[in-house]
Structures are given as structure tokens and as C-alpha cells.
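Here's structure-v8.cif, which has mmCIF, C-alpha atoms:
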data_coords
#
loop_
_atom_site.label_atom_id
_atom_site.label_comp_id
_atom_site.auth_asym_id
_atom_site.auth_seq_id
_atom_site.Cartn_x
_atom_site.Cartn_y
_atom_site.Cartn_z
CA MET A 1 123.82 30.01 184.76
CA PRO A 2 124.50 29.44 188.49
CA VAL A 3 126.05 26.13 187.47
CA TRP A 4 128.71 27.89 185.39
CA GLN A 5 129.55 30.14 188.33
CA SER A 6 130.05 27.09 190.55
CA ILE A 7 132.23 25.45 187.89
CA TYR A 8 134.24 28.65 187.58
CA GLN A 9 134.70 28.78 191.35
CA GLU A 10 135.57 25.12 191.59
CA LEU A 11 138.25 25.41 188.89
CA ASN A 12 139.63 28.58 190.50
CA ASP A 13 142.27 28.88 187.80
CA PRO A 14 143.67 32.37 187.05
CA ASN A 15 144.48 31.15 183.54
CA PHE A 16 140.89 30.22 182.75
CA VAL A 17 138.18 32.72 181.88
CA ILE A 18 134.51 32.41 181.06
CA ILE A 19 133.24 35.10 178.71
CA SER A 20 129.48 34.93 178.95
CA ALA A 21 127.47 36.93 176.44
CA ALA A 22 123.72 37.40 176.77
CA GLN A 23 122.18 37.58 173.29
CA ASP A 24 119.55 40.06 174.35
CA THR A 25 118.35 43.11 172.44
CA GLY A 26 116.42 43.93 175.63
CA GLY A 27 119.75 44.89 177.17
CA GLU A 28 120.80 45.16 180.80
CA ALA A 29 117.19 45.37 181.97
CA VAL A 30 116.50 41.77 180.97
CA ALA A 31 119.93 40.12 181.19
CA GLY A 32 121.50 41.96 184.11
CA PRO A 33 119.30 40.53 186.88
CA ILE A 34 120.04 36.98 185.68
CA PHE A 35 123.80 37.57 185.81
CA ASP A 36 123.36 39.10 189.27
CA ALA A 37 121.18 36.27 190.57
CA ALA A 38 123.85 33.79 189.44
CA GLY A 39 126.50 35.75 191.34
CA ALA A 40 128.58 35.70 188.19
CA GLU A 41 132.24 36.66 188.71
CA TYR A 42 133.46 35.97 185.18
CA VAL A 43 133.33 38.30 182.19
CA GLN A 44 129.71 39.34 181.62
CA ILE A 45 128.54 40.95 178.41
CA VAL A 46 125.06 42.07 177.47
CA ASP A 47 125.46 41.53 173.76
CA VAL A 48 122.53 43.46 172.30
CA ASN A 49 123.59 42.98 168.68
CA HIS A 50 124.28 39.23 169.06
CA THR A 51 127.90 39.89 168.11
CA ILE A 52 129.28 36.69 169.62
CA SER A 53 126.79 34.60 167.62
CA ARG A 54 127.71 36.55 164.50
CA VAL A 55 131.47 36.14 164.76
CA PHE A 56 131.38 32.47 165.82
CA ASN A 57 128.54 31.55 163.38
CA PHE A 58 126.19 30.42 166.15
CA VAL A 59 122.44 30.19 165.55
CA ASN A 60 121.17 29.11 168.95
CA VAL A 61 121.76 29.61 172.66
CA PRO A 62 123.50 28.37 174.66
CA SER A 63 126.45 27.82 172.34
CA ALA A 64 130.16 28.00 173.05
CA ALA A 65 133.68 27.88 171.76
CA TRP A 66 136.76 26.78 173.67
CA ILE A 67 139.79 28.97 172.92
CA ASP A 68 143.26 27.82 173.97
CA GLU A 69 146.16 29.95 175.23
CA THR A 70 147.41 30.61 171.69
CA GLY A 71 144.03 31.90 170.45
CA LYS A 72 143.05 28.70 168.64
CA ILE A 73 139.53 27.34 168.79
CA VAL A 74 139.66 23.76 170.09
CA ARG A 75 135.89 23.04 170.27
CA ILE A 76 132.93 24.93 168.84
CA ASP A 77 129.18 25.18 168.34
CA GLU A 78 127.54 22.77 170.72
CA GLY A 79 124.47 23.02 172.92
CA THR A 80 126.42 24.00 175.96
CA TYR A 81 124.11 23.25 178.80
CA ALA A 82 125.93 22.62 182.04
CA LYS A 83 123.51 19.85 182.90
CA THR A 84 120.73 17.79 181.39
CA HIS A 85 118.13 19.87 179.62
CA PRO A 86 115.11 18.76 177.59
CA PHE A 87 116.37 20.62 174.51
CA GLY A 88 119.59 18.69 174.19
CA GLY A 89 121.80 19.30 177.21
CA THR A 90 123.65 16.44 178.82
CA ASP A 91 125.60 15.98 182.03
CA GLU A 92 128.71 15.25 179.99
CA TYR A 93 129.60 18.70 178.74
CA ALA A 94 130.63 20.43 181.98
CA PRO A 95 133.02 17.61 183.04
CA ALA A 96 134.64 17.86 179.60
CA VAL A 97 135.20 21.59 180.14
CA LYS A 98 136.79 20.90 183.52
CA ASP A 99 139.02 18.21 182.03
CA TRP A 100 140.27 20.65 179.38
CA VAL A 101 140.93 23.42 181.90
CA ARG A 102 142.94 21.03 184.08
CA LYS A 103 144.85 19.13 181.38
CA GLY A 104 145.09 21.62 178.52
CA PRO A 105 146.58 20.03 175.38
CA ASP A 106 146.48 16.61 177.08
CA SER A 107 142.70 16.71 177.43
CA GLU A 108 141.00 14.07 175.33
CA TYR A 109 138.25 16.57 174.53
CA ILE A 110 140.18 19.07 172.46
CA GLN A 111 139.76 18.82 168.73
CA SER A 112 142.07 19.29 165.76
CA ALA A 113 141.93 22.46 163.66
CA ALA A 114 140.48 20.33 160.84
CA THR A 115 137.62 19.10 163.02
CA VAL A 116 136.98 22.57 164.40
CA THR A 117 136.86 24.23 160.97
CA ASN A 118 134.58 21.45 159.80
CA ASN A 119 132.30 22.07 162.78
CA ILE A 120 132.09 25.83 162.24
CA ARG A 121 128.69 26.42 160.74
CA ASN A 122 128.96 27.58 157.13
CA ARG A 123 126.81 30.53 156.14
CA THR A 124 125.41 31.01 152.66
CA ALA A 125 125.53 34.48 151.07
CA ASP A 126 121.93 35.04 152.21
CA GLU A 127 122.74 33.94 155.74
CA GLU A 128 125.71 36.34 155.79
CA LYS A 129 123.42 39.15 154.66
CA ALA A 130 120.97 38.32 157.44
CA GLU A 131 123.54 39.57 159.95
CA PRO A 132 123.65 43.24 158.80
CA ALA A 133 119.85 43.11 158.33
CA PHE A 134 119.38 42.11 161.97
CA ARG A 135 121.81 44.80 163.10
CA LEU A 136 119.98 47.45 161.05
CA GLY A 137 116.65 46.39 162.54
CA ASN A 138 118.12 46.57 166.01
CA PHE A 139 119.48 50.06 165.29
CA PHE A 140 116.06 51.27 164.19
CA ARG A 141 114.38 49.77 167.25
CA GLU A 142 116.80 51.65 169.51
CA LYS A 143 115.99 54.83 167.63
CA GLY A 144 112.25 54.30 168.09
CA HIS A 145 111.49 53.42 164.46
CA GLY A 146 109.42 50.30 165.08
CA GLU A 147 108.17 49.76 161.55
CA LYS A 148 111.62 49.83 160.05
CA ALA A 149 112.89 47.65 162.88
CA ASP A 150 110.26 45.03 162.12
CA LEU A 151 111.01 45.24 158.41
CA TYR A 152 114.72 44.51 158.78
CA TRP A 153 114.28 41.85 161.48
CA GLU A 154 111.81 40.14 159.18
CA GLN A 155 114.36 40.36 156.37
CA ALA A 156 116.97 38.79 158.66
CA ARG A 157 114.62 35.94 159.56
CA GLN A 158 113.86 35.28 155.90
CA LEU A 159 117.50 35.40 154.86
CA ASN A 160 118.48 33.02 157.64
CA PRO A 161 115.51 30.90 158.71
CA ASP A 162 117.97 28.61 160.53
CA SER A 163 118.78 31.31 163.07
CA ILE A 164 116.86 30.28 166.14
CA ASN A 165 118.32 33.36 167.78
CA PHE A 166 116.67 35.77 165.32
CA PHE A 167 113.37 33.91 165.47
CA ARG A 168 113.13 33.74 169.24
CA GLN A 169 114.49 37.23 169.84
CA ASP A 170 111.65 38.50 167.67
CA LEU A 171 109.14 36.41 169.61
CA THR A 172 110.17 38.11 172.85
CA LEU A 173 108.29 41.13 171.50
CA SER A 174 105.07 39.18 170.99
CA GLU A 175 102.32 38.45 173.43
CA GLU A 176 103.02 34.73 173.46
CA GLY A 177 106.72 35.22 174.15
CA SER A 178 109.73 33.21 173.02
CA ALA A 179 108.58 29.76 174.14
CA GLY A 180 104.95 29.74 173.06
CA GLU A 181 103.00 28.12 170.27
CA SER A 182 104.96 29.77 167.44
CA PHE A 183 108.23 28.59 168.91
CA MET A 184 106.99 25.01 169.35
CA SER A 185 105.74 24.96 165.77
CA TYR A 186 109.06 26.39 164.53
CA VAL A 187 111.06 23.73 166.38
CA LYS A 188 108.83 20.99 164.98
CA ASP A 189 109.37 22.28 161.41
CA TYR A 190 113.07 22.72 162.04
CA ILE A 191 113.55 19.16 163.20
CA SER A 192 111.26 17.71 160.52
CA GLN A 193 113.55 19.32 157.92
CA GLY A 194 116.37 17.20 159.31
CA LYS A 195 118.10 20.13 161.01
CA ALA A 196 119.60 19.67 164.47
CA TYR A 197 118.33 22.10 167.08
CA TYR A 198 121.88 21.82 168.46
CA ARG A 199 124.69 20.05 166.72
CA PRO A 200 124.92 16.79 168.67
CA LEU A 201 127.63 16.67 171.31
CA ASP A 202 130.26 14.16 170.19
CA LEU A 203 132.93 13.89 172.85
CA ASP A 204 134.78 11.16 170.94
CA GLU A 205 135.41 13.31 167.87
CA LYS A 206 139.08 14.40 167.84
CA MET B 1 107.31 30.58 158.96
CA ALA B 2 105.04 31.39 161.88
CA GLU B 3 103.83 34.96 162.07
CA VAL B 4 104.68 37.02 165.08
CA ARG B 5 101.73 38.72 166.69
CA MET B 6 102.21 42.42 167.28
CA ALA B 7 100.22 42.46 170.47
CA HIS B 8 102.55 44.61 172.48
CA PRO B 9 103.19 47.88 170.68
CA ASP B 10 104.90 49.29 173.75
CA LEU B 11 107.14 46.24 173.85
CA ARG B 12 107.91 46.41 170.15
CA ASN B 13 108.60 50.13 170.26
CA PRO B 14 109.86 50.91 173.72
CA PHE B 15 112.13 53.79 172.77
CA ASP B 16 111.50 57.45 172.06
CA THR B 17 111.76 58.26 168.39
CA GLU B 18 115.01 59.89 167.36
CA LYS B 19 115.69 61.33 163.98
CA VAL B 20 117.95 59.10 161.90
CA GLY B 21 120.08 60.63 159.18
CA SER B 22 120.99 64.17 158.27
CA ASP B 23 121.05 66.13 155.05
CA GLY B 24 124.01 64.98 153.04
CA GLY B 25 125.14 62.56 155.74
CA ALA B 26 124.88 58.85 156.45
CA THR B 27 124.80 56.40 159.34
CA VAL B 28 127.05 53.40 158.97
CA LEU B 29 126.86 50.27 161.12
CA TYR B 30 129.74 47.82 161.12
CA ASN B 31 130.42 45.28 163.84
CA ASP B 32 129.22 47.07 166.96
CA ARG B 33 130.19 50.49 165.66
CA THR B 34 127.69 53.16 164.72
CA VAL B 35 129.53 55.75 162.67
CA LEU B 36 127.92 59.04 161.72
CA ILE B 37 129.27 60.42 158.45
CA GLU B 38 128.68 64.14 158.05
CA GLN B 39 129.30 64.38 154.35
CA THR B 40 128.76 61.94 151.49
CA LEU B 41 128.37 62.40 147.75
CA ASN B 42 124.80 62.64 146.51
CA GLU B 43 124.94 59.32 144.62
CA PRO B 44 123.31 55.90 144.99
CA ASP B 45 126.48 54.32 146.41
CA LEU B 46 128.04 55.37 149.70
CA TRP B 47 131.03 57.63 148.96
CA VAL B 48 133.07 58.84 151.93
CA LYS B 49 136.31 60.66 152.56
CA PRO B 50 139.32 58.40 153.31
CA ALA B 51 139.33 59.36 157.01
CA ASP B 52 135.71 58.22 157.28
CA LEU B 53 136.54 54.88 155.66
CA THR B 54 139.00 54.30 158.51
CA ARG B 55 136.35 55.28 161.07
CA ILE B 56 133.99 52.75 159.51
CA ASN B 57 136.11 49.64 159.12
CA GLY B 58 139.72 50.43 160.00
CA PHE B 59 140.96 50.37 156.39
CA VAL B 60 143.52 53.07 155.56
CA ILE B 61 144.22 54.35 152.04
CA LYS B 62 147.91 53.89 151.25
CA PRO B 63 149.90 53.97 147.99
CA GLN B 64 149.60 50.17 147.78
CA GLY B 65 145.82 50.16 148.28
CA ALA B 66 143.20 50.09 151.04
CA CYS B 67 144.93 48.36 153.94
CA PHE B 68 143.97 46.82 157.28
CA GLU B 69 146.71 45.10 159.28
CA HIS B 70 148.33 42.62 156.85
CA ILE B 71 145.53 42.91 154.25
CA CYS B 72 145.92 45.37 151.35
CA ILE B 73 143.35 45.61 148.58
CA PRO B 74 144.85 47.28 145.50
CA ILE B 75 142.85 50.23 144.21
CA GLN B 76 142.97 49.77 140.47
CA ASP B 77 141.99 52.32 137.88
CA GLY B 78 138.54 51.62 136.58
CA ALA B 79 137.39 49.66 139.63
CA GLY B 80 135.28 52.64 140.67
CA LEU B 81 136.69 52.74 144.19
CA VAL B 82 138.05 56.27 144.28
CA LYS B 83 137.44 59.55 142.55
CA ILE B 84 138.31 63.19 142.97
CA VAL B 85 135.48 65.68 143.39
CA SER B 86 136.24 69.34 144.05
CA GLU B 87 139.89 68.46 144.62
CA GLU B 88 138.99 66.02 147.35
CA GLN B 89 139.41 62.25 147.28
CA TRP B 90 136.30 60.13 147.83
CA PHE B 91 136.06 56.38 148.39
CA ASN B 92 133.19 54.11 147.35
CA VAL B 93 132.43 51.92 150.38
CA VAL B 94 129.80 49.92 148.46
CA ALA B 95 132.10 49.06 145.54
CA PHE B 96 134.72 48.08 148.14
CA ALA B 97 132.20 45.82 149.91
CA ASP B 98 131.23 44.22 146.60
CA LEU B 99 134.88 43.63 145.77
CA MET B 100 135.43 41.94 149.14
CA GLU B 101 132.10 40.05 149.02
CA GLN B 102 131.06 41.85 152.19
CA PRO B 103 127.26 41.81 152.61
CA TYR B 104 125.34 44.97 153.38
CA VAL B 105 121.79 46.20 153.79
CA VAL B 106 120.75 49.81 153.29
CA ASP B 107 117.77 51.87 154.31
CA LYS B 108 117.77 54.46 151.54
CA GLU B 109 115.18 56.69 153.15
CA THR B 110 117.47 57.47 156.09
CA ASN B 111 120.75 56.65 154.32
CA ALA B 112 121.55 54.08 157.03
CA TRP B 113 123.99 51.40 155.87
CA SER B 114 124.68 48.18 157.72
CA PHE B 115 127.75 46.18 156.72
CA GLY B 116 128.36 42.53 157.56
CA GLU B 117 131.49 40.50 157.97
CA ILE B 118 134.49 40.94 155.65
CA PRO B 119 135.38 37.38 154.52
CA LEU B 120 139.11 38.17 154.27
CA LYS B 121 139.18 39.10 157.94
CA ARG B 122 137.63 35.75 158.81
CA GLN B 123 139.89 33.42 156.88
CA GLY B 124 141.97 32.73 159.98
CA MET B 125 138.93 31.24 161.66
CA MET B 126 137.41 29.43 158.70
CA VAL B 127 140.69 27.91 157.49
CA ASP B 128 142.88 27.68 160.56
CA ALA B 129 140.52 27.69 163.59
CA GLN B 130 141.85 31.04 164.88
CA ALA B 131 139.42 32.65 167.30
CA PRO B 132 137.72 35.63 165.65
CA ASP B 133 138.22 39.15 166.92
CA PHE B 134 135.42 41.03 168.59
CA GLU B 135 135.16 44.16 170.65
CA LEU B 136 132.35 44.48 173.18
CA ILE B 137 131.73 46.38 176.39
CA ASP B 138 131.21 44.31 179.53
CA ARG B 139 128.77 45.11 182.35
CA GLN B 140 131.48 47.07 184.16
CA GLY B 141 131.96 49.28 181.11
CA LYS B 142 135.30 47.72 180.19
CA VAL B 143 136.22 47.01 176.56
CA VAL B 144 136.57 43.25 176.02
CA ARG B 145 138.49 41.90 173.02
CA MET B 146 139.27 38.30 172.20
CA ALA B 147 142.97 39.21 172.00
CA ASP B 148 142.94 40.29 175.67
CA PHE B 149 142.81 36.63 176.70
CA LYS B 150 145.95 35.35 174.94
CA GLY B 151 147.82 33.12 177.38
CA LYS B 152 144.59 31.94 179.00
CA LYS B 153 141.99 29.35 178.20
CA ALA B 154 138.67 30.97 177.41
CA LEU B 155 135.20 29.49 177.33
CA VAL B 156 133.19 31.92 175.20
CA MET B 157 129.53 31.18 175.66
CA THR B 158 126.19 32.64 174.70
CA TRP B 159 122.90 32.49 176.55
CA SER B 160 119.77 34.61 176.66
CA SER B 161 117.04 35.75 178.98
CA TRP B 162 114.48 34.40 176.55
#
Take the structure in the file and give it back as C-alpha cells.
Amino acid sequence: MPVWQSIYQELNDPNFVIISAAQDTGGEAVAGPIFDAAGAEYVQIVDVNHTISRVFNFVNVPSAAWIDETGKIVRIDEGTYAKTHPFGGTDEYAPAVKDWVRKGPDSEYIQSAATVTNNIRNRTADEEKAEPAFRLGNFFREKGHGEKADLYWEQARQLNPDSINFFRQDLTLSEEGSAGESFMSYVKDYISQGKAYYRPLDLDEK
Amino acid sequence: MAEVRMAHPDLRNPFDTEKVGSDGGATVLYNDRTVLIEQTLNEPDLWVKPADLTRINGFVIKPQGACFEHICIPIQDGAGLVKIVSEEQWFNVVAFADLMEQPYVVDKETNAWSFGEIPLKRQGMMVDAQAPDFELIDRQGKVVRMADFKGKKALVMTWSSW
């Protein structure tokens, strides 16, 4: 997070914005201090309903889309770590972002509409239905109806077992937390089924 | 799938309990909206007055159909989308969702309906790589929409505290 603030400062371009959305049902109480500690000056959203993941078809964090001046997506759905990270980040992503901000359409990292639409994650009918199930569970939790909240979050997880977001968000409410034994076992299963924890970063793909 | 342990009841249920639902009414969730509908028909589907349809998803009933921006869905006889009860027009939001292949989940006990994405509204993204619309409130309380950033490059990114 502090890395993105330093990139934002370094670029210092009034025509470039970062819209950073915390996928956190825990709200401002859990996400706010992290934004503050990073000294974030870009657009900060505490996205309690995981709206950005829903509309861009993301299943994991961090994920991102690059949007050009005309409102077109020119890259999407990658593990957008600003630097090397054991779960798939590399040092190559942030320089690619900077290149795009500086060169725009001449950047070698922007992708065609055909590549972008191909890289948007498709959702099955069940996976689409998982979205309103998660939202309904979240609504009930906010209203203090824990049993119903658990019921609909469980439904969301079953309808879309590929959503790492739904799985880990749920784990935040368990004693072991979001990075404990259950998470490790989930990741192992996920990868053994041939699914990528993040879609691999391919900077050569046009 | 690994089971989640429910070890922290206070963590799982941190909020005071509020009553959900009212007699004859419904709660409708769509995108980030929570719309309270005062009056519905006492039927299994969700029937609302035309003005409430607009409050839910922006669609407006016009002579040519139910319309949102450039999209108009014709309301044909026999499709079960509209009916007149006590001289008032009512619209079937569930039949409309089915027609548009829009997913939904309902909690019948509280009459709380949660609607997912409308595929027609997302064709621009899926076919032509147009950034999808969203409307969220930022930490300063300002409404943020994707369209606000036309003319700029935007890096839209997610992260989490977990």
C-alpha cells in the first residue's frame, strides 16, 4: 500500500488517478487505519459489499484494471502487487503501470480490446448468483442477523468456490483468521485443481 | 471446502439486531442500493409500483417498454410483467429479472430480495472492454463513479485488510 502512494507521488500526473477499494465487510474500522498509515492521497473506498470485485469479475485481492481516458479497459485481472510477494507478485508490474501512465497509447503494456475481453473472468450462472447471495448475507450481518448472514455467505461460497475473496472474508470472522490452516488448505486444493491463484502476469501479451 | 469455526460470536455478530421487513413491504438490494418498498402485492413474486421499480434499478415504464438509458425491454401481453390491481399498475420485478437473466436470491421470511448484475448492462464490458459503471462513496463521503474519470487514466485496484 505505501508503495502505491510513492508511485502515485512519483508520477505526479493530474491526469492519472488511483482508485483503491478495500474489499472489507469490516468497514472503516479495519481498512481506514491502513489507508491512513500509507498516507494515501488517491481515491480511497472502503468497499464493504466488494462492489469493485463484482463489477470487474475479480475473485482475489489485490487485483486491478487499467482504464484509459476514453473509458476503455486496457489491462485487467492480474495479481497487482507493487513488488515481489510470495503469492505471485513480481517487481515487473509497477514499472509497467508507470510506463503506461507516461506513454499512454504508445505503452507496450496496453492490450487490445480482444485480449482484455478474453482476460475478463467469465462467470457461470451459479457464480453470478453468488454475488447477490454474498450481498444479502452482508446485509443481514449489518442488521445483526448472524444466522441468516452465515447462511447466505455460505451459499455464496458454494455457488462460487473460486472466489478467494468470499472464502477469506468469511475466515476473518473465525478464530484462526484469514491466513490460517483453512486458508492454506484451500489454496492447496485450489492450485491442485489447476486453478491459478492469480492469473499469471504476461507483459508480452498485446 | 474447509469449515469455518464459529469461535468468535461477537465477531460474527457485531451489530445490534434490527428488524428487517415490514408488513406488506419488502427490502430490495441491488448494486450498493438498499431500497425499502412500503407496499407490495401479497404474492410469491415481488410486485412493485412503477415508481419503485425505478428506485430499485433505474428502469422506467414507458409506452415502448421498461427502459434504462438506451435499453428498452418490451412489455408484452402474457409475459406476466404488469397487471392492474385496484386500478393501480404493478410490475413483477422477478419476472423481469428472469427475462433479463438477472440472478437474485430471496429471504422469504423477511421478504428481502437481493438482485445481481443485469447482463444487458454489462455487454459493453464483456464485448467491447468498456469499463463498467459503479457508484460508491469514498472515505471523504464523496460519490465516486467510473464515469467521473473520463479524460484521465485510472488504475482501479482492490486490496483488503485481511
Using only C-alpha atoms, find which residues of chain A lie within 7 Å of chain B and jot them down as a PyMOL selection string.
-> chain A and resi 15-24+30-31+43-46+55+61-73+113+116-117+128-129+131-133+135-136+141-146+171-175+178+182+186
Prev. selection, C-alpha atoms, output as a PDB file, keeping the file's coordinate frame:
ATOM      1  CA  ASN A  15     144.480  31.150 183.540  1.00  0.00           C
ATOM      2  CA  PHE A  16     140.890  30.220 182.750  1.00  0.00           C
ATOM      3  CA  VAL A  17     138.180  32.720 181.880  1.00  0.00           C
ATOM      4  CA  ILE A  18     134.510  32.410 181.060  1.00  0.00           C
ATOM      5  CA  ILE A  19     133.240  35.100 178.710  1.00  0.00           C
ATOM      6  CA  SER A  20     129.480  34.930 178.950  1.00  0.00           C
ATOM      7  CA  ALA A  21     127.470  36.930 176.440  1.00  0.00           C
ATOM      8  CA  ALA A  22     123.720  37.400 176.770  1.00  0.00           C
ATOM      9  CA  GLN A  23     122.180  37.580 173.290  1.00  0.00           C
ATOM     10  CA  ASP A  24     119.550  40.060 174.350  1.00  0.00           C
ATOM     11  CA  VAL A  30     116.500  41.770 180.970  1.00  0.00           C
ATOM     12  CA  ALA A  31     119.930  40.120 181.190  1.00  0.00           C
ATOM     13  CA  VAL A  43     133.330  38.300 182.190  1.00  0.00           C
ATOM     14  CA  GLN A  44     129.710  39.340 181.620  1.00  0.00           C
ATOM     15  CA  ILE A  45     128.540  40.950 178.410  1.00  0.00           C
ATOM     16  CA  VAL A  46     125.060  42.070 177.470  1.00  0.00           C
ATOM     17  CA  VAL A  55     131.470  36.140 164.760  1.00  0.00           C
ATOM     18  CA  VAL A  61     121.760  29.610 172.660  1.00  0.00           C
ATOM     19  CA  PRO A  62     123.500  28.370 174.660  1.00  0.00           C
ATOM     20  CA  SER A  63     126.450  27.820 172.340  1.00  0.00           C
ATOM     21  CA  ALA A  64     130.160  28.000 173.050  1.00  0.00           C
ATOM     22  CA  ALA A  65     133.680  27.880 171.760  1.00  0.00           C
ATOM     23  CA  TRP A  66     136.760  26.780 173.670  1.00  0.00           C
ATOM     24  CA  ILE A  67     139.790  28.970 172.920  1.00  0.00           C
ATOM     25  CA  ASP A  68     143.260  27.820 173.970  1.00  0.00           C
ATOM     26  CA  GLU A  69     146.160  29.950 175.230  1.00  0.00           C
ATOM     27  CA  THR A  70     147.410  30.610 171.690  1.00  0.00           C
ATOM     28  CA  GLY A  71     144.030  31.900 170.450  1.00  0.00           C
ATOM     29  CA  LYS A  72     143.050  28.700 168.640  1.00  0.00           C
ATOM     30  CA  ILE A  73     139.530  27.340 168.790  1.00  0.00           C
ATOM     31  CA  ALA A 113     141.930  22.460 163.660  1.00  0.00           C
ATOM     32  CA  VAL A 116     136.980  22.570 164.400  1.00  0.00           C
ATOM     33  CA  THR A 117     136.860  24.230 160.970  1.00  0.00           C
ATOM     34  CA  GLU A 128     125.710  36.340 155.790  1.00  0.00           C
ATOM     35  CA  LYS A 129     123.420  39.150 154.660  1.00  0.00           C
ATOM     36  CA  GLU A 131     123.540  39.570 159.950  1.00  0.00           C
ATOM     37  CA  PRO A 132     123.650  43.240 158.800  1.00  0.00           C
ATOM     38  CA  ALA A 133     119.850  43.110 158.330  1.00  0.00           C
ATOM     39  CA  ARG A 135     121.810  44.800 163.100  1.00  0.00           C
ATOM     40  CA  LEU A 136     119.980  47.450 161.050  1.00  0.00           C
ATOM     41  CA  ARG A 141     114.380  49.770 167.250  1.00  0.00           C
ATOM     42  CA  GLU A 142     116.800  51.650 169.510  1.00  0.00           C
ATOM     43  CA  LYS A 143     115.990  54.830 167.630  1.00  0.00           C
ATOM     44  CA  GLY A 144     112.250  54.300 168.090  1.00  0.00           C
ATOM     45  CA  HIS A 145     111.490  53.420 164.460  1.00  0.00           C
ATOM     46  CA  GLY A 146     109.420  50.300 165.080  1.00  0.00           C
ATOM     47  CA  LEU A 171     109.140  36.410 169.610  1.00  0.00           C
ATOM     48  CA  THR A 172     110.170  38.110 172.850  1.00  0.00           C
ATOM     49  CA  LEU A 173     108.290  41.130 171.500  1.00  0.00           C
ATOM     50  CA  SER A 174     105.070  39.180 170.990  1.00  0.00           C
ATOM     51  CA  GLU A 175     102.320  38.450 173.430  1.00  0.00           C
ATOM     52  CA  SER A 178     109.730  33.210 173.020  1.00  0.00           C
ATOM     53  CA  SER A 182     104.960  29.770 167.440  1.00  0.00           C
ATOM     54  CA  TYR A 186     109.060  26.390 164.530  1.00  0.00           C
TER      55      TYR A 186
END
Report as AutoDock Vina command-line options the centre and the edge lengths, in Å to one decimal, of the axis-aligned box holding every listed atom of segment 60-63 of chain B, padded by 6 Å on each side.
--center_x 146.7 --center_y 53.7 --center_z 151.8 --size_x 18.4 --size_y 13.3 --size_z 19.6
What do you get, as a PyMOL selection string, if you spell out every residue that the PyMOL selection byres ((chain B and resi 91-96) around 10) selects here?
-> chain B and resi 40-41+44-53+56-57+61+66+73+75+79-84+89-90+97-104+113+115
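Our summary of the geometry notes that atom CA of Gly21 of chain B is positioned 6.3 Å from atom CA of Asn111 of chain B.
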Can you give me, as number ranges by chain, the residues this file yields under the PyMOL selection byres ((chain A and resi 6) around 12)?
-> A: 1-5, 7-12, 18, 38-42, 82, 94, 98
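Here the PyMOL selection byres ((chain A and resi 81) around 8) catches exactly these residues: A:Pro62, A:Gly79, A:Thr80, A:Ala82, A:Lys83, A:Thr84, A:His85, A:Gly88, A:Gly89, A:Thr90, A:Tyr93, A:Ala94.
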For atom CA of Glu205 of chain A and atom CA of Ile110 of chain A, the interatomic separation in Å (one decimal) | 8.8 Å
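In this structure, atom CA of Leu120 of chain B sits 10.3 Å away from atom CA of Cys72 of chain B.
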Selection: 12 Å around Asp202 of chain A, only C-alpha atoms, excl. self and same-chain fewer than 2 positions, as a short mmCIF file (atom, residue, chain, number, x, y, z; two decimals) with C-alpha atoms, in the frame of the given file:
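What ended up in around31.cif:
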data_model
loop_
_atom_site.label_atom_id
_atom_site.label_comp_id
_atom_site.auth_asym_id
_atom_site.auth_seq_id
_atom_site.Cartn_x
_atom_site.Cartn_y
_atom_site.Cartn_z
CA ARG A 75 135.89 23.04 170.27
CA ILE A 76 132.93 24.93 168.84
CA ASP A 77 129.18 25.18 168.34
CA GLU A 78 127.54 22.77 170.72
CA GLY A 79 124.47 23.02 172.92
CA THR A 90 123.65 16.44 178.82
CA GLU A 92 128.71 15.25 179.99
CA TYR A 93 129.60 18.70 178.74
CA ALA A 96 134.64 17.86 179.60
CA GLU A 108 141.00 14.07 175.33
CA TYR A 109 138.25 16.57 174.53
CA ILE A 110 140.18 19.07 172.46
CA GLN A 111 139.76 18.82 168.73
CA THR A 115 137.62 19.10 163.02
CA ASN A 119 132.30 22.07 162.78
CA TYR A 198 121.88 21.82 168.46
CA ARG A 199 124.69 20.05 166.72
CA PRO A 200 124.92 16.79 168.67
CA ASP A 204 134.78 11.16 170.94
CA GLU A 205 135.41 13.31 167.87
CA LYS A 206 139.08 14.40 167.84
#
Rank nothing, just name the residue among A:Arg168, A:Lys103, A:Lys188, A:Arg123 nearest to Thr25 of chain A, using all atoms listed in the file.
-> A:Arg168
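The shortest atom-to-atom distance to Ile37 of chain B, with all atoms listed in the file taken into account, belongs to B:Arg55 out of B:Lys62, B:Arg55, B:His70, B:Arg145.
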Nearest-residue call for Phe139 of chain A, choices B:Ser22, B:Thr110, B:Glu87, B:Gly58, using only C-alpha atoms = B:Thr110
